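Below you'll find the structure, written out as structure tokens, and then a few comments.
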Amino acid sequence: YSFCTLLLVTIMPADVKHPIKRVQVFGKRKTAIAVATVTKSAQCNIKVNGVPIRQIPNDTLRAKIAEAVSTVGSAKFSRLKINVSVRGGGQVSQAYAARQAIAKGLVAYLQKYSNESEKMEVKNLFAKTDKTLLIADPRRAETKKWGRHSARTRFTKSYR
């Protein structure tokens with residue numbers, strides 16, 4: 001070993017581990033549950049069930065999912081990698097759960113790794129645009145009752 005390599009080995013150990021900046025949050029809509037993992041990254045990368053947002057086939061659902069990004073601006077998401085895993089429900093419920101998870105993920109990330117004023121600014125923008133970006137909708141489908149067609153409608157009464 002030369003003096004330079006010994007100096008480098010003693011000054012800069014190779015196995016220095018930096019803590020990974022990561023936040024995990026969830027979003028819900030009806031029976032769909034989305035879990036978003038927000039991680040610090042070199043560039044913005046948002047995926048829903050392993051598919052990048054730009055490759056989601058339905059235009060309206062893609063716009064709804066990207067609404068969380070467009071509300072606060074892409075600059076806030078520029079150094080974040082977001083992986084969203086969605087299960088249950090239909091396509092629309094999954095899209096709404098994913099957008100809520102993305103919005104809540106950004107707020108939680110700013111809460112943990114940034115200052116309070118920036119977090120409140122983003123939170124107020126989300127609340128002003130659409131409160132379901134941060135707050136889950138508690139409405140659920142009513143269960144079917146026995147002796148009826150559905151939850152409310154009864155069978156037609158016939159006298160003959």
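Naming works like this for the structure tokens: A, B, ... for the chains as they're shown, residue 1 at the start of each chain, ligands 1 onward in shown order.
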Non-local contacts of segment 101-118 of chain A (9 Å; only C-alpha atoms; under 2 positions in same chain excluded) as an NGL selection string: :A and (21-28 or 33-39 or 46 or 65-66 or 68-69 or 76-77 or 80 or 82-84 or 96-99 or 120-123 or 126 or 133-135)
How about saving the chosen residues, N, CA and C atoms kept, as a CSV table (one decimal), in the first residue's frame?
```
chain,number,residue,atom,x,y,z
A,21,LYS,N,-34.0,8.5,4.1
A,21,LYS,CA,-35.2,9.4,4.5
A,21,LYS,C,-36.4,8.7,3.8
A,22,ARG,N,-37.3,8.1,4.6
A,22,ARG,CA,-38.4,7.4,4.1
A,22,ARG,C,-39.6,7.6,5.0
A,23,VAL,N,-40.8,7.7,4.4
A,23,VAL,CA,-42.1,7.8,5.1
A,23,VAL,C,-43.1,6.9,4.4
A,24,GLN,N,-43.9,6.2,5.2
A,24,GLN,CA,-44.9,5.3,4.7
A,24,GLN,C,-46.3,5.8,5.2
A,25,VAL,N,-47.2,6.0,4.3
A,25,VAL,CA,-48.5,6.5,4.6
A,25,VAL,C,-49.6,5.7,3.8
A,26,PHE,N,-50.8,5.9,4.2
A,26,PHE,CA,-51.9,5.1,3.5
A,26,PHE,C,-53.0,6.1,3.1
A,27,GLY,N,-53.8,5.7,2.1
A,27,GLY,CA,-54.9,6.4,1.6
A,27,GLY,C,-56.1,5.5,1.4
A,28,LYS,N,-57.3,5.9,1.7
A,28,LYS,CA,-58.4,5.0,1.6
A,28,LYS,C,-59.6,5.6,0.8
A,33,ILE,N,-57.4,0.4,-0.6
A,33,ILE,CA,-56.4,0.9,0.3
A,33,ILE,C,-55.1,1.0,-0.4
A,34,ALA,N,-54.5,2.2,-0.4
A,34,ALA,CA,-53.2,2.5,-1.0
A,34,ALA,C,-52.2,2.8,0.0
A,35,VAL,N,-51.0,2.2,-0.1
A,35,VAL,CA,-49.9,2.4,0.8
A,35,VAL,C,-48.8,3.1,-0.1
A,36,ALA,N,-48.4,4.3,0.3
A,36,ALA,CA,-47.4,5.0,-0.4
A,36,ALA,C,-46.1,5.1,0.4
A,37,THR,N,-45.0,4.8,-0.2
A,37,THR,CA,-43.7,4.9,0.4
A,37,THR,C,-42.9,6.0,-0.3
A,38,VAL,N,-42.7,7.1,0.5
A,38,VAL,CA,-42.0,8.3,-0.1
A,38,VAL,C,-40.5,8.2,0.4
A,39,THR,N,-39.6,8.3,-0.6
A,39,THR,CA,-38.2,8.2,-0.3
A,39,THR,C,-37.5,9.3,-1.0
A,46,ILE,N,-42.7,8.6,-9.7
A,46,ILE,CA,-44.0,8.2,-9.0
A,46,ILE,C,-44.5,7.0,-9.7
A,65,ILE,N,-55.0,11.1,-10.3
A,65,ILE,CA,-53.8,10.7,-9.5
A,65,ILE,C,-52.7,11.8,-9.5
A,66,ALA,N,-52.5,12.4,-10.6
A,66,ALA,CA,-51.5,13.5,-10.7
A,66,ALA,C,-52.0,14.8,-10.1
A,68,ALA,N,-52.6,15.6,-7.1
A,68,ALA,CA,-51.8,15.9,-5.9
A,68,ALA,C,-50.5,16.6,-6.3
A,69,VAL,N,-49.9,16.2,-7.4
A,69,VAL,CA,-48.6,16.8,-7.9
A,69,VAL,C,-48.9,18.2,-8.5
A,76,LYS,N,-42.0,20.6,-5.6
A,76,LYS,CA,-42.0,19.9,-4.3
A,76,LYS,C,-41.7,18.4,-4.4
A,77,PHE,N,-42.0,17.8,-5.6
A,77,PHE,CA,-41.8,16.4,-5.8
A,77,PHE,C,-40.5,16.1,-6.5
A,80,LEU,N,-38.2,13.4,-4.9
A,80,LEU,CA,-38.9,12.3,-4.2
A,80,LEU,C,-39.2,11.1,-5.1
A,82,ILE,N,-41.8,8.0,-5.2
A,82,ILE,CA,-43.0,7.6,-4.5
A,82,ILE,C,-43.5,6.3,-5.1
A,83,ASN,N,-43.6,5.2,-4.4
A,83,ASN,CA,-44.1,3.9,-4.8
A,83,ASN,C,-45.4,3.7,-4.1
A,84,VAL,N,-46.5,3.6,-4.9
A,84,VAL,CA,-47.8,3.4,-4.3
A,84,VAL,C,-48.3,2.0,-4.6
A,96,TYR,N,-58.5,7.2,-6.5
A,96,TYR,CA,-58.7,8.2,-5.4
A,96,TYR,C,-57.9,7.8,-4.2
A,97,ALA,N,-57.7,6.5,-3.9
A,97,ALA,CA,-56.9,6.1,-2.7
A,97,ALA,C,-55.4,6.4,-3.0
A,98,ALA,N,-55.0,6.2,-4.2
A,98,ALA,CA,-53.6,6.5,-4.6
A,98,ALA,C,-53.3,8.0,-4.5
A,99,ARG,N,-54.2,8.9,-5.0
A,99,ARG,CA,-54.0,10.3,-4.9
A,99,ARG,C,-53.9,10.8,-3.5
A,120,MET,N,-47.1,23.3,6.4
A,120,MET,CA,-48.4,23.9,6.6
A,120,MET,C,-48.8,24.6,5.3
A,121,GLU,N,-47.9,25.1,4.5
A,121,GLU,CA,-48.2,25.7,3.2
A,121,GLU,C,-48.8,24.7,2.3
A,122,VAL,N,-48.1,23.5,2.2
A,122,VAL,CA,-48.6,22.4,1.3
A,122,VAL,C,-49.9,21.9,1.8
A,123,LYS,N,-50.1,21.7,3.1
A,123,LYS,CA,-51.3,21.2,3.7
A,123,LYS,C,-52.5,22.1,3.4
A,126,PHE,N,-53.5,21.8,-0.3
A,126,PHE,CA,-54.3,20.6,-0.5
A,126,PHE,C,-55.7,20.7,0.1
A,133,LEU,N,-58.1,15.0,-0.5
A,133,LEU,CA,-56.7,14.8,-0.7
A,133,LEU,C,-56.0,14.4,0.6
A,134,LEU,N,-56.5,14.9,1.8
A,134,LEU,CA,-55.9,14.6,3.0
A,134,LEU,C,-56.8,13.8,4.0
A,135,ILE,N,-58.1,14.0,3.8
A,135,ILE,CA,-59.1,13.4,4.8
A,135,ILE,C,-59.9,12.3,4.0
```
Computed interatomic separation between atom CA of Leu61 of chain A and atom CA of Thr143 of chain A (Å):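 That distance, rounded to one decimal, is 27.3 Å.
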Residue neighbourhood Ala141 of chain A, 12 Å, only C-alpha atoms, exclusion window fewer than 3 positions, as a ChimeraX atom specification: /A:29-31,89,137-138,144,150-152
Per-residue DSSP, segment 16-112 of chain A, filtered to helix (DSSP H, G or I), as a ChimeraX atom specification: /A:53-55,59-72,74-77,91-112
Selected residue of minimal separation from Ser85 of chain A among A:Pro57, A:Ala32, A:Ser70, A:Lys119, counting only C-alpha atoms: A:Ala32
Coordinates-based distance that separates atom CA of Asn124 of chain A from atom CA of Pro52 of chain A (Å, one decimal):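 Between atom CA of Pro52 of chain A and atom CA of Asn124 of chain A the gap works out to 27.0 Å.
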Strand (DSSP E) residues, from DSSP on the backbone, in segment 3-89 of chain A, as an MDAnalysis selection string: chainID A and resid 22:29 32:40 45:48 51:52 80:87
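With atom CA of Lys131 of chain A on one side and atom CA of Val48 of chain A on the other, the separation reads 21.5 Å.
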Residues near Thr153 of chain A, cut-off 12 Å, only C-alpha atoms, skip fewer than 4 positions along chain, as a list of chain:residue names: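 Contacts, with the query itself left out: A:Glu142, A:Thr143, A:Lys144, A:Lys145, A:Trp146, A:Gly147, A:Arg148, A:His149, A:Lys157.
Comparing the minimum interatomic distances between Lys64 of chain A and each of A:Ala95, A:Lys128, A:Ser158, A:Val51, counting only C-alpha atoms, we find that A:Ala95 sits nearest.
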Pick from A:Arg139, A:Arg160, A:Lys47, A:Lys40, whichever lies nearest to Val86 of chain A using only C-alpha atoms: A:Lys47
